[in-house]
>>> print(open('model09.cif').read())   # mmCIF, C-alpha atoms, pLDDT in the B column; chains and numbers go by the auth columns
data_query
#
loop_
_atom_site.group_PDB
_atom_site.id
_atom_site.type_symbol
_atom_site.label_atom_id
_atom_site.label_comp_id
_atom_site.label_asym_id
_atom_site.label_seq_id
_atom_site.Cartn_x
_atom_site.Cartn_y
_atom_site.Cartn_z
_atom_site.B_iso_or_equiv
_atom_site.auth_seq_id
_atom_site.auth_asym_id
ATOM 1 C CA MET A 1 0.587 15.575 -15.723 58.00 14 A
ATOM 2 C CA PRO A 2 -1.138 13.012 -13.529 61.00 15 A
ATOM 3 C CA LEU A 3 1.112 10.791 -11.429 62.00 16 A
ATOM 4 C CA PRO A 4 -0.878 7.581 -10.903 60.00 17 A
ATOM 5 C CA PHE A 5 1.373 6.299 -8.117 55.00 18 A
ATOM 6 C CA LEU A 6 0.512 9.377 -6.027 56.00 19 A
ATOM 7 C CA THR A 7 -3.232 9.470 -6.644 50.00 20 A
ATOM 8 C CA ALA A 8 -5.524 8.547 -3.869 50.00 21 A
ATOM 9 C CA ASP A 9 -8.644 8.109 -6.023 45.00 22 A
ATOM 10 C CA ARG A 10 -11.628 7.825 -3.768 46.00 23 A
ATOM 11 C CA ALA A 11 -10.143 5.106 -1.582 48.00 24 A
ATOM 12 C CA PHE A 12 -9.293 7.493 1.198 49.00 25 A
ATOM 13 C CA ASP A 13 -12.580 9.242 1.744 48.00 26 A
ATOM 14 C CA ALA A 14 -13.475 8.995 5.398 47.00 27 A
ATOM 15 C CA THR A 15 -17.158 8.510 4.526 45.00 28 A
ATOM 16 C CA ASP A 16 -16.516 5.595 2.177 51.00 29 A
ATOM 17 C CA ASP A 17 -17.665 2.312 3.751 50.00 30 A
ATOM 18 C CA VAL A 18 -16.568 0.058 0.902 52.00 31 A
ATOM 19 C CA ALA A 19 -13.590 -2.155 1.798 55.00 32 A
ATOM 20 C CA LEU A 20 -12.380 -2.419 -1.808 61.00 33 A
ATOM 21 C CA PRO A 21 -13.203 1.054 -3.153 61.00 34 A
ATOM 22 C CA PHE A 22 -11.455 0.828 -6.523 63.00 35 A
ATOM 23 C CA ASP A 23 -13.491 0.331 -9.675 68.00 36 A
ATOM 24 C CA ASP A 24 -10.906 -1.718 -11.579 74.00 37 A
ATOM 25 C CA HIS A 25 -9.538 -4.519 -9.391 77.00 38 A
ATOM 26 C CA ASP A 26 -7.208 -5.786 -12.128 81.00 39 A
ATOM 27 C CA GLN A 27 -4.978 -2.715 -11.937 86.00 40 A
ATOM 28 C CA TRP A 28 -2.133 -2.672 -9.381 90.00 41 A
ATOM 29 C CA ARG A 29 -2.852 -0.007 -6.748 90.00 42 A
ATOM 30 C CA ARG A 30 -1.336 1.118 -3.497 90.00 43 A
ATOM 31 C CA PRO A 31 -4.179 1.116 -0.937 89.00 44 A
ATOM 32 C CA TYR A 32 -2.734 4.123 0.894 91.00 45 A
ATOM 33 C CA ARG A 33 -1.124 7.455 0.146 90.00 46 A
ATOM 34 C CA PRO A 34 2.645 7.818 0.303 92.00 47 A
ATOM 35 C CA GLY A 35 3.620 9.354 3.615 91.00 48 A
ATOM 36 C CA PRO A 36 5.131 12.783 4.175 91.00 49 A
ATOM 37 C CA TRP A 37 8.578 11.355 4.952 90.00 50 A
ATOM 38 C CA ARG A 38 8.703 9.482 1.649 92.00 51 A
ATOM 39 C CA VAL A 39 7.368 12.429 -0.366 94.00 52 A
ATOM 40 C CA GLY A 40 9.685 14.859 1.429 95.00 53 A
ATOM 41 C CA ALA A 41 12.761 12.725 0.760 94.00 54 A
ATOM 42 C CA ALA A 42 11.795 12.443 -2.918 96.00 55 A
ATOM 43 C CA ALA A 43 11.248 16.202 -3.103 97.00 56 A
ATOM 44 C CA LEU A 44 14.676 16.848 -1.599 97.00 57 A
ATOM 45 C CA ALA A 45 16.232 14.430 -4.094 98.00 58 A
ATOM 46 C CA LEU A 46 14.511 16.239 -6.948 98.00 59 A
ATOM 47 C CA LEU A 47 15.726 19.568 -5.564 98.00 60 A
ATOM 48 C CA LEU A 48 19.261 18.176 -5.515 98.00 61 A
ATOM 49 C CA ALA A 49 18.771 16.954 -9.087 98.00 62 A
ATOM 50 C CA SER A 50 17.761 20.447 -10.182 98.00 63 A
ATOM 51 C CA PHE A 51 20.988 21.869 -8.759 98.00 64 A
ATOM 52 C CA VAL A 52 23.000 19.126 -10.447 98.00 65 A
ATOM 53 C CA LEU A 53 21.244 19.844 -13.756 97.00 66 A
ATOM 54 C CA PHE A 54 22.004 23.548 -13.360 97.00 67 A
ATOM 55 C CA ALA A 55 25.651 22.674 -12.716 97.00 68 A
ATOM 56 C CA ALA A 56 25.638 20.474 -15.814 97.00 69 A
ATOM 57 C CA VAL A 57 24.398 23.381 -17.936 97.00 70 A
ATOM 58 C CA ILE A 58 27.144 25.620 -16.549 97.00 71 A
ATOM 59 C CA ILE A 59 29.762 22.916 -17.216 97.00 72 A
ATOM 60 C CA ALA A 60 28.462 22.471 -20.761 96.00 73 A
ATOM 61 C CA ALA A 61 28.529 26.233 -21.355 96.00 74 A
ATOM 62 C CA ALA A 62 32.143 26.282 -20.181 95.00 75 A
ATOM 63 C CA GLY A 63 32.991 23.781 -22.915 90.00 76 A
ATOM 64 C CA ALA A 64 33.740 20.663 -20.849 94.00 77 A
ATOM 65 C CA VAL A 65 31.415 18.285 -22.688 94.00 78 A
ATOM 66 C CA PRO A 66 32.551 15.013 -21.007 95.00 79 A
ATOM 67 C CA GLY A 67 32.111 16.567 -17.559 95.00 80 A
ATOM 68 C CA ALA A 68 28.698 17.924 -18.528 96.00 81 A
ATOM 69 C CA GLY A 69 27.644 14.484 -19.787 96.00 82 A
ATOM 70 C CA ALA A 70 28.690 12.852 -16.518 97.00 83 A
ATOM 71 C CA THR A 71 26.859 15.522 -14.533 97.00 84 A
ATOM 72 C CA PHE A 72 23.689 15.078 -16.637 97.00 85 A
ATOM 73 C CA ALA A 73 23.938 11.320 -16.040 97.00 86 A
ATOM 74 C CA LEU A 74 24.262 11.902 -12.281 98.00 87 A
ATOM 75 C CA ALA A 75 21.149 14.086 -12.339 97.00 88 A
ATOM 76 C CA GLY A 76 19.298 11.362 -14.240 97.00 89 A
ATOM 77 C CA VAL A 77 20.264 8.775 -11.626 98.00 90 A
ATOM 78 C CA ILE A 78 19.073 11.075 -8.816 98.00 91 A
ATOM 79 C CA ILE A 79 15.735 11.610 -10.598 98.00 92 A
ATOM 80 C CA LEU A 80 15.277 7.861 -11.152 97.00 93 A
ATOM 81 C CA CYS A 81 16.053 7.206 -7.479 97.00 94 A
ATOM 82 C CA ALA A 82 13.478 9.797 -6.398 97.00 95 A
ATOM 83 C CA LEU A 83 10.817 8.220 -8.613 96.00 96 A
ATOM 84 C CA ARG A 84 11.661 4.730 -7.368 96.00 97 A
ATOM 85 C CA MET A 85 11.445 6.005 -3.786 95.00 98 A
ATOM 86 C CA LEU A 86 7.865 7.076 -4.494 94.00 99 A
ATOM 87 C CA ARG A 87 7.012 3.618 -5.915 94.00 100 A
ATOM 88 C CA VAL A 88 8.178 1.726 -2.813 94.00 101 A
ATOM 89 C CA GLY A 89 5.359 0.123 -0.850 92.00 102 A
ATOM 90 C CA THR A 90 2.700 -2.565 -0.933 93.00 103 A
ATOM 91 C CA TRP A 91 0.456 -2.795 -4.002 93.00 104 A
ATOM 92 C CA VAL A 92 -2.651 -4.950 -4.442 91.00 105 A
ATOM 93 C CA SER A 93 -4.816 -6.150 -7.294 90.00 106 A
ATOM 94 C CA ARG A 94 -7.140 -9.033 -8.063 89.00 107 A
ATOM 95 C CA HIS A 95 -4.076 -11.041 -9.101 89.00 108 A
ATOM 96 C CA GLY A 96 -2.178 -10.763 -5.844 90.00 109 A
ATOM 97 C CA LEU A 97 -0.009 -8.641 -3.640 91.00 110 A
ATOM 98 C CA ARG A 98 3.176 -6.882 -4.719 92.00 111 A
ATOM 99 C CA ARG A 99 5.856 -5.705 -2.281 92.00 112 A
ATOM 100 C CA VAL A 100 7.948 -3.073 -4.057 94.00 113 A
ATOM 101 C CA GLY A 101 11.310 -2.319 -2.510 92.00 114 A
ATOM 102 C CA PHE A 102 13.948 0.137 -3.660 93.00 115 A
ATOM 103 C CA PHE A 103 16.058 -2.531 -5.367 95.00 116 A
ATOM 104 C CA SER A 104 13.630 -5.423 -5.802 94.00 117 A
ATOM 105 C CA THR A 105 9.981 -6.267 -6.298 93.00 118 A
ATOM 106 C CA ARG A 106 8.258 -9.379 -5.009 91.00 119 A
ATOM 107 C CA THR A 107 4.842 -10.477 -6.262 91.00 120 A
ATOM 108 C CA LEU A 108 2.668 -13.103 -4.582 90.00 121 A
ATOM 109 C CA GLU A 109 -0.585 -14.470 -5.905 90.00 122 A
ATOM 110 C CA TRP A 110 -3.449 -14.468 -3.442 88.00 123 A
ATOM 111 C CA ARG A 111 -3.515 -18.284 -3.415 86.00 124 A
ATOM 112 C CA GLU A 112 0.072 -18.251 -2.091 86.00 125 A
ATOM 113 C CA ALA A 113 -0.894 -15.921 0.744 84.00 126 A
ATOM 114 C CA GLY A 114 -2.171 -17.366 3.967 82.00 127 A
ATOM 115 C CA ALA A 115 -3.153 -14.997 6.726 86.00 128 A
ATOM 116 C CA VAL A 116 -2.617 -11.257 6.849 88.00 129 A
ATOM 117 C CA ARG A 117 -2.521 -9.889 10.372 90.00 130 A
ATOM 118 C CA THR A 118 -1.307 -6.954 12.425 92.00 131 A
ATOM 119 C CA VAL A 119 1.138 -7.762 15.234 93.00 132 A
ATOM 120 C CA GLN A 120 3.057 -5.848 17.897 93.00 133 A
ATOM 121 C CA GLN A 121 6.788 -6.339 17.423 91.00 134 A
ATOM 122 C CA PRO A 122 10.058 -4.439 17.151 92.00 135 A
ATOM 123 C CA VAL A 123 10.074 -2.598 13.808 92.00 136 A
ATOM 124 C CA ARG A 124 12.697 -0.558 12.001 90.00 137 A
ATOM 125 C CA TRP A 125 12.373 3.196 12.344 89.00 138 A
ATOM 126 C CA LEU A 126 12.282 4.770 8.834 82.00 139 A
ATOM 127 C CA GLY A 127 14.075 1.690 7.486 82.00 140 A
ATOM 128 C CA LEU A 128 17.178 2.410 9.547 85.00 141 A
ATOM 129 C CA PRO A 129 18.897 -0.248 11.709 88.00 142 A
ATOM 130 C CA ARG A 130 17.378 1.247 14.877 88.00 143 A
ATOM 131 C CA THR A 131 14.303 -0.674 16.041 88.00 144 A
ATOM 132 C CA VAL A 132 11.407 0.544 18.147 92.00 145 A
ATOM 133 C CA GLN A 133 8.297 -1.155 19.449 93.00 146 A
ATOM 134 C CA GLY A 134 5.489 -0.797 16.950 92.00 147 A
ATOM 135 C CA GLN A 135 2.930 -2.509 14.761 93.00 148 A
ATOM 136 C CA ALA A 136 3.611 -4.464 11.610 93.00 149 A
ATOM 137 C CA LEU A 137 1.284 -5.941 9.013 93.00 150 A
ATOM 138 C CA LEU A 138 2.525 -9.447 8.295 91.00 151 A
ATOM 139 C CA LEU A 139 1.612 -11.796 5.492 90.00 152 A
ATOM 140 C CA VAL A 140 2.041 -15.436 6.449 88.00 153 A
ATOM 141 C CA ARG A 141 2.541 -17.528 3.319 85.00 154 A
ATOM 142 C CA GLN A 142 1.153 -21.049 2.931 80.00 155 A
ATOM 143 C CA GLY A 143 4.580 -22.537 3.777 79.00 156 A
ATOM 144 C CA GLY A 144 4.839 -20.539 7.010 81.00 157 A
ATOM 145 C CA GLU A 145 7.220 -17.832 5.758 85.00 158 A
ATOM 146 C CA GLN A 146 6.391 -14.358 7.078 88.00 159 A
ATOM 147 C CA LEU A 147 6.668 -11.240 4.938 87.00 160 A
ATOM 148 C CA THR A 148 6.410 -7.772 6.502 88.00 161 A
ATOM 149 C CA LEU A 149 4.155 -5.613 4.338 89.00 162 A
ATOM 150 C CA LEU A 150 3.858 -2.410 6.375 92.00 163 A
ATOM 151 C CA THR A 151 5.020 -0.988 9.673 92.00 164 A
ATOM 152 C CA ASP A 152 3.706 1.990 11.573 91.00 165 A
ATOM 153 C CA HIS A 153 7.230 3.473 11.740 92.00 166 A
ATOM 154 C CA ASN A 154 8.153 3.383 8.042 90.00 167 A
ATOM 155 C CA ALA A 155 8.291 6.417 5.745 89.00 168 A
ATOM 156 C CA ASP A 156 4.598 6.121 4.886 91.00 169 A
ATOM 157 C CA PHE A 157 3.084 5.854 8.364 92.00 170 A
ATOM 158 C CA LEU A 158 5.405 7.516 10.877 88.00 171 A
ATOM 159 C CA SER A 159 3.113 9.608 13.139 87.00 172 A
ATOM 160 C CA ARG A 160 0.071 8.538 11.083 89.00 173 A
ATOM 161 C CA VAL A 161 -1.498 5.746 13.168 89.00 174 A
ATOM 162 C CA GLU A 162 -4.957 6.124 11.624 92.00 175 A
ATOM 163 C CA ALA A 163 -3.526 5.839 8.112 92.00 176 A
ATOM 164 C CA PHE A 164 -1.655 2.660 9.094 93.00 177 A
ATOM 165 C CA ASP A 165 -4.808 1.130 10.573 93.00 178 A
ATOM 166 C CA ARG A 166 -6.822 2.020 7.467 93.00 179 A
ATOM 167 C CA ALA A 167 -4.153 0.606 5.117 92.00 180 A
ATOM 168 C CA ALA A 168 -3.834 -2.586 7.165 92.00 181 A
ATOM 169 C CA ASP A 169 -7.613 -3.051 7.177 92.00 182 A
ATOM 170 C CA THR A 170 -7.752 -2.477 3.417 90.00 183 A
ATOM 171 C CA ILE A 171 -5.032 -5.025 2.665 91.00 184 A
ATOM 172 C CA GLU A 172 -6.710 -7.525 4.998 90.00 185 A
ATOM 173 C CA ALA A 173 -9.980 -6.935 3.119 89.00 186 A
ATOM 174 C CA TRP A 174 -8.269 -7.567 -0.230 88.00 187 A
ATOM 175 C CA ASN A 175 -6.837 -10.791 1.196 88.00 188 A
ATOM 176 C CA ALA A 176 -10.226 -11.833 2.551 87.00 189 A
ATOM 177 C CA GLU A 177 -11.890 -11.096 -0.801 85.00 190 A
ATOM 178 C CA TYR A 178 -9.414 -12.620 -3.216 83.00 191 A
ATOM 179 C CA GLY A 179 -7.541 -15.042 -0.968 75.00 192 A
ATOM 180 C CA ALA A 180 -10.791 -16.866 -0.217 59.00 193 A
ATOM 181 C CA VAL A 181 -11.868 -16.815 -3.890 51.00 194 A
ATOM 182 C CA THR A 182 -8.617 -18.280 -5.222 48.00 195 A
ATOM 183 C CA ALA A 183 -8.388 -20.824 -2.399 47.00 196 A
ATOM 184 C CA THR A 184 -11.716 -22.361 -3.446 43.00 197 A
ATOM 185 C CA ARG A 185 -10.665 -22.773 -7.085 43.00 198 A
#
>>> encode(input="model09.cif", output="structure tokens")
Amino acid sequence: MPLPFLTADRAFDATDDVALPFDDHDQWRRPYRPGPWRVGAAALALLLASFVLFAAVIIAAAGAVPGAGATFALAGVIILCALRMLRVGTWVSRHGLRRVGFFSTRTLEWREAGAVRTVQQPVRWLGLPRTVQGQALLLVRQGGEQLTLLTDHNADFLSRVEAFDRAADTIEAWNAEYGAVTATR
């Protein structure tokens, strides 16, 4: 079963010189692969869900149907959380930029976006309260509000500096392509 949110398509070939390598620019795509920390955490959550499902089967076989139902529901919540964890990130299309968080999603049209730039600043390490010095890709909206799109210390780019640079360059290219087009309309 293909998982489209994990596919890299041909966007990540080192020999590809095209800034916007996708064929269909209307489809929402993440311009980078999910990092090993994010995939590992989702895999551990799915492993936990398998144990919870096994426990639910044992509880159901023992005849405690309400307890089995609650345990099945818990396993379902764990599976949904693991899938949502894999969806978290920055997505782009011809229509705009989408910042998907665990609990919320924010979509901006390219005409609302001002500059996209990489800056050195304190960033959160793996989303925890601890901050370290690192790089962040910021989107500055037309009104001056700044939105952090990526950091080099999040679950996708920790210890993957080249991948962060490539993803930042790709998002900047999407902004240059479609931000300039929609600004002239």
>>> resolve_selection(input="model09.cif", expression="the PyMOL selection byres ((chain A and resi 56) around 12)", output="list in words")
Pro49, Trp50, Arg51, Val52, Gly53, Ala54, Ala55, Leu57, Ala58, Leu59, Leu60, Leu61, Ala62, Ser63, Ile91, Ile92, Cys94, Ala95, Leu96, Met98 and Leu99 of chain A
>>> closest_residue(input="model09.cif", among="A:Gly147, A:Gly192, A:Pro142, A:Gly156", to="Val129 in chain A", atoms="only C-alpha atoms")
A:Gly192
>>> residues_near_point(input="model09.cif", point="(10.5, 1.4, 5.0)", cutoff="7 Å", atoms="only C-alpha atoms", output="PyMOL selection string")
chain A and resi 139-140+167-168
>>> resolve_selection(input="model09.cif", expression="the PyMOL selection byres ((chain A and resi 173-181) around 12)", output="CSV table (one decimal) with C-alpha atoms, in the coordinates of the input")
chain,number,residue,atom,x,y,z
A,24,ALA,CA,-10.1,5.1,-1.6
A,25,PHE,CA,-9.3,7.5,1.2
A,26,ASP,CA,-12.6,9.2,1.7
A,27,ALA,CA,-13.5,9.0,5.4
A,29,ASP,CA,-16.5,5.6,2.2
A,30,ASP,CA,-17.7,2.3,3.8
A,31,VAL,CA,-16.6,0.1,0.9
A,32,ALA,CA,-13.6,-2.2,1.8
A,33,LEU,CA,-12.4,-2.4,-1.8
A,42,ARG,CA,-2.9,0.0,-6.7
A,43,ARG,CA,-1.3,1.1,-3.5
A,44,PRO,CA,-4.2,1.1,-0.9
A,45,TYR,CA,-2.7,4.1,0.9
A,46,ARG,CA,-1.1,7.5,0.1
A,47,PRO,CA,2.6,7.8,0.3
A,48,GLY,CA,3.6,9.4,3.6
A,49,PRO,CA,5.1,12.8,4.2
A,50,TRP,CA,8.6,11.4,5.0
A,102,GLY,CA,5.4,0.1,-0.8
A,103,THR,CA,2.7,-2.6,-0.9
A,104,TRP,CA,0.5,-2.8,-4.0
A,105,VAL,CA,-2.7,-5.0,-4.4
A,129,VAL,CA,-2.6,-11.3,6.8
A,130,ARG,CA,-2.5,-9.9,10.4
A,131,THR,CA,-1.3,-7.0,12.4
A,132,VAL,CA,1.1,-7.8,15.2
A,147,GLY,CA,5.5,-0.8,17.0
A,148,GLN,CA,2.9,-2.5,14.8
A,149,ALA,CA,3.6,-4.5,11.6
A,150,LEU,CA,1.3,-5.9,9.0
A,151,LEU,CA,2.5,-9.4,8.3
A,152,LEU,CA,1.6,-11.8,5.5
A,161,THR,CA,6.4,-7.8,6.5
A,162,LEU,CA,4.2,-5.6,4.3
A,163,LEU,CA,3.9,-2.4,6.4
A,164,THR,CA,5.0,-1.0,9.7
A,165,ASP,CA,3.7,2.0,11.6
A,166,HIS,CA,7.2,3.5,11.7
A,167,ASN,CA,8.2,3.4,8.0
A,168,ALA,CA,8.3,6.4,5.7
A,169,ASP,CA,4.6,6.1,4.9
A,170,PHE,CA,3.1,5.9,8.4
A,171,LEU,CA,5.4,7.5,10.9
A,172,SER,CA,3.1,9.6,13.1
A,182,ASP,CA,-7.6,-3.1,7.2
A,183,THR,CA,-7.8,-2.5,3.4
A,184,ILE,CA,-5.0,-5.0,2.7
A,185,GLU,CA,-6.7,-7.5,5.0
A,186,ALA,CA,-10.0,-6.9,3.1
A,187,TRP,CA,-8.3,-7.6,-0.2
A,188,ASN,CA,-6.8,-10.8,1.2
>>> atom_distance(input="model09.cif", atom1="CA of Arg124 in chain A", atom2="CA of Tyr191 in chain A")
8.2 Å
>>> resolve_selection(input="model09.cif", expression="the PyMOL selection byres ((chain A and resi 119) around 12)", output="ChimeraX atom specification")
/A:101-105,109-118,120-122,160-162
>>> atom_distance(input="model09.cif", atom1="CA of Ser106 in chain A", atom2="CA of Leu141 in chain A")
29.0 Å
>>> atom_distance(input="model09.cif", atom1="CA of Ala88 in chain A", atom2="CA of Arg137 in chain A")
29.6 Å
>>> closest_residue(input="model09.cif", among="A:Gln40, A:Val145, A:Phe67, A:Arg154", to="His108 in chain A", atoms="all atoms listed in the file")
A:Gln40
>>> decode(input="model09.cif", residues="range 108-120 of chain A", atoms="N, CA, C and O atoms", output="mmCIF file, in the first residue's frame")
data_model
loop_
_atom_site.group_PDB
_atom_site.id
_atom_site.type_symbol
_atom_site.label_atom_id
_atom_site.label_comp_id
_atom_site.auth_asym_id
_atom_site.auth_seq_id
_atom_site.Cartn_x
_atom_site.Cartn_y
_atom_site.Cartn_z
ATOM 1 N N HIS A 108 -1.014 26.608 -4.812
ATOM 2 C CA HIS A 108 -1.986 27.443 -4.109
ATOM 3 C C HIS A 108 -1.393 28.154 -2.905
ATOM 4 O O HIS A 108 -1.922 29.169 -2.476
ATOM 5 N N GLY A 109 -0.357 27.607 -2.317
ATOM 6 C CA GLY A 109 0.222 28.240 -1.146
ATOM 7 C C GLY A 109 1.098 27.310 -0.347
ATOM 8 O O GLY A 109 1.621 26.314 -0.848
ATOM 9 N N LEU A 110 1.211 27.645 0.911
ATOM 10 C CA LEU A 110 2.075 26.926 1.837
ATOM 11 C C LEU A 110 1.223 26.493 3.019
ATOM 12 O O LEU A 110 0.410 27.272 3.514
ATOM 13 N N ARG A 111 1.397 25.269 3.448
ATOM 14 C CA ARG A 111 0.601 24.719 4.549
ATOM 15 C C ARG A 111 1.543 24.236 5.631
ATOM 16 O O ARG A 111 2.416 23.424 5.391
ATOM 17 N N ARG A 112 1.346 24.761 6.845
ATOM 18 C CA ARG A 112 2.136 24.341 8.015
ATOM 19 C C ARG A 112 1.259 23.425 8.847
ATOM 20 O O ARG A 112 0.296 23.864 9.466
ATOM 21 N N VAL A 113 1.566 22.131 8.830
ATOM 22 C CA VAL A 113 0.770 21.132 9.531
ATOM 23 C C VAL A 113 1.427 20.861 10.872
ATOM 24 O O VAL A 113 2.577 20.445 10.940
ATOM 25 N N GLY A 114 0.691 21.111 11.931
ATOM 26 C CA GLY A 114 1.138 20.790 13.275
ATOM 27 C C GLY A 114 0.409 19.561 13.772
ATOM 28 O O GLY A 114 -0.443 18.999 13.076
ATOM 29 N N PHE A 115 0.705 19.131 14.985
ATOM 30 C CA PHE A 115 0.049 17.938 15.511
ATOM 31 C C PHE A 115 -1.430 18.197 15.775
ATOM 32 O O PHE A 115 -2.276 17.362 15.506
ATOM 33 N N PHE A 116 -1.747 19.390 16.293
ATOM 34 C CA PHE A 116 -3.134 19.693 16.636
ATOM 35 C C PHE A 116 -3.804 20.678 15.686
ATOM 36 O O PHE A 116 -5.020 20.828 15.714
ATOM 37 N N SER A 117 -3.031 21.368 14.865
ATOM 38 C CA SER A 117 -3.642 22.372 13.988
ATOM 39 C C SER A 117 -2.908 22.435 12.655
ATOM 40 O O SER A 117 -1.760 22.008 12.537
ATOM 41 N N THR A 118 -3.602 22.996 11.674
ATOM 42 C CA THR A 118 -3.031 23.190 10.350
ATOM 43 C C THR A 118 -3.289 24.627 9.935
ATOM 44 O O THR A 118 -4.393 25.141 10.108
ATOM 45 N N ARG A 119 -2.279 25.256 9.389
ATOM 46 C CA ARG A 119 -2.389 26.651 8.962
ATOM 47 C C ARG A 119 -1.986 26.734 7.498
ATOM 48 O O ARG A 119 -0.901 26.304 7.127
ATOM 49 N N THR A 120 -2.867 27.301 6.672
ATOM 50 C CA THR A 120 -2.605 27.422 5.246
ATOM 51 C C THR A 120 -2.513 28.895 4.870
ATOM 52 O O THR A 120 -3.362 29.692 5.259
#
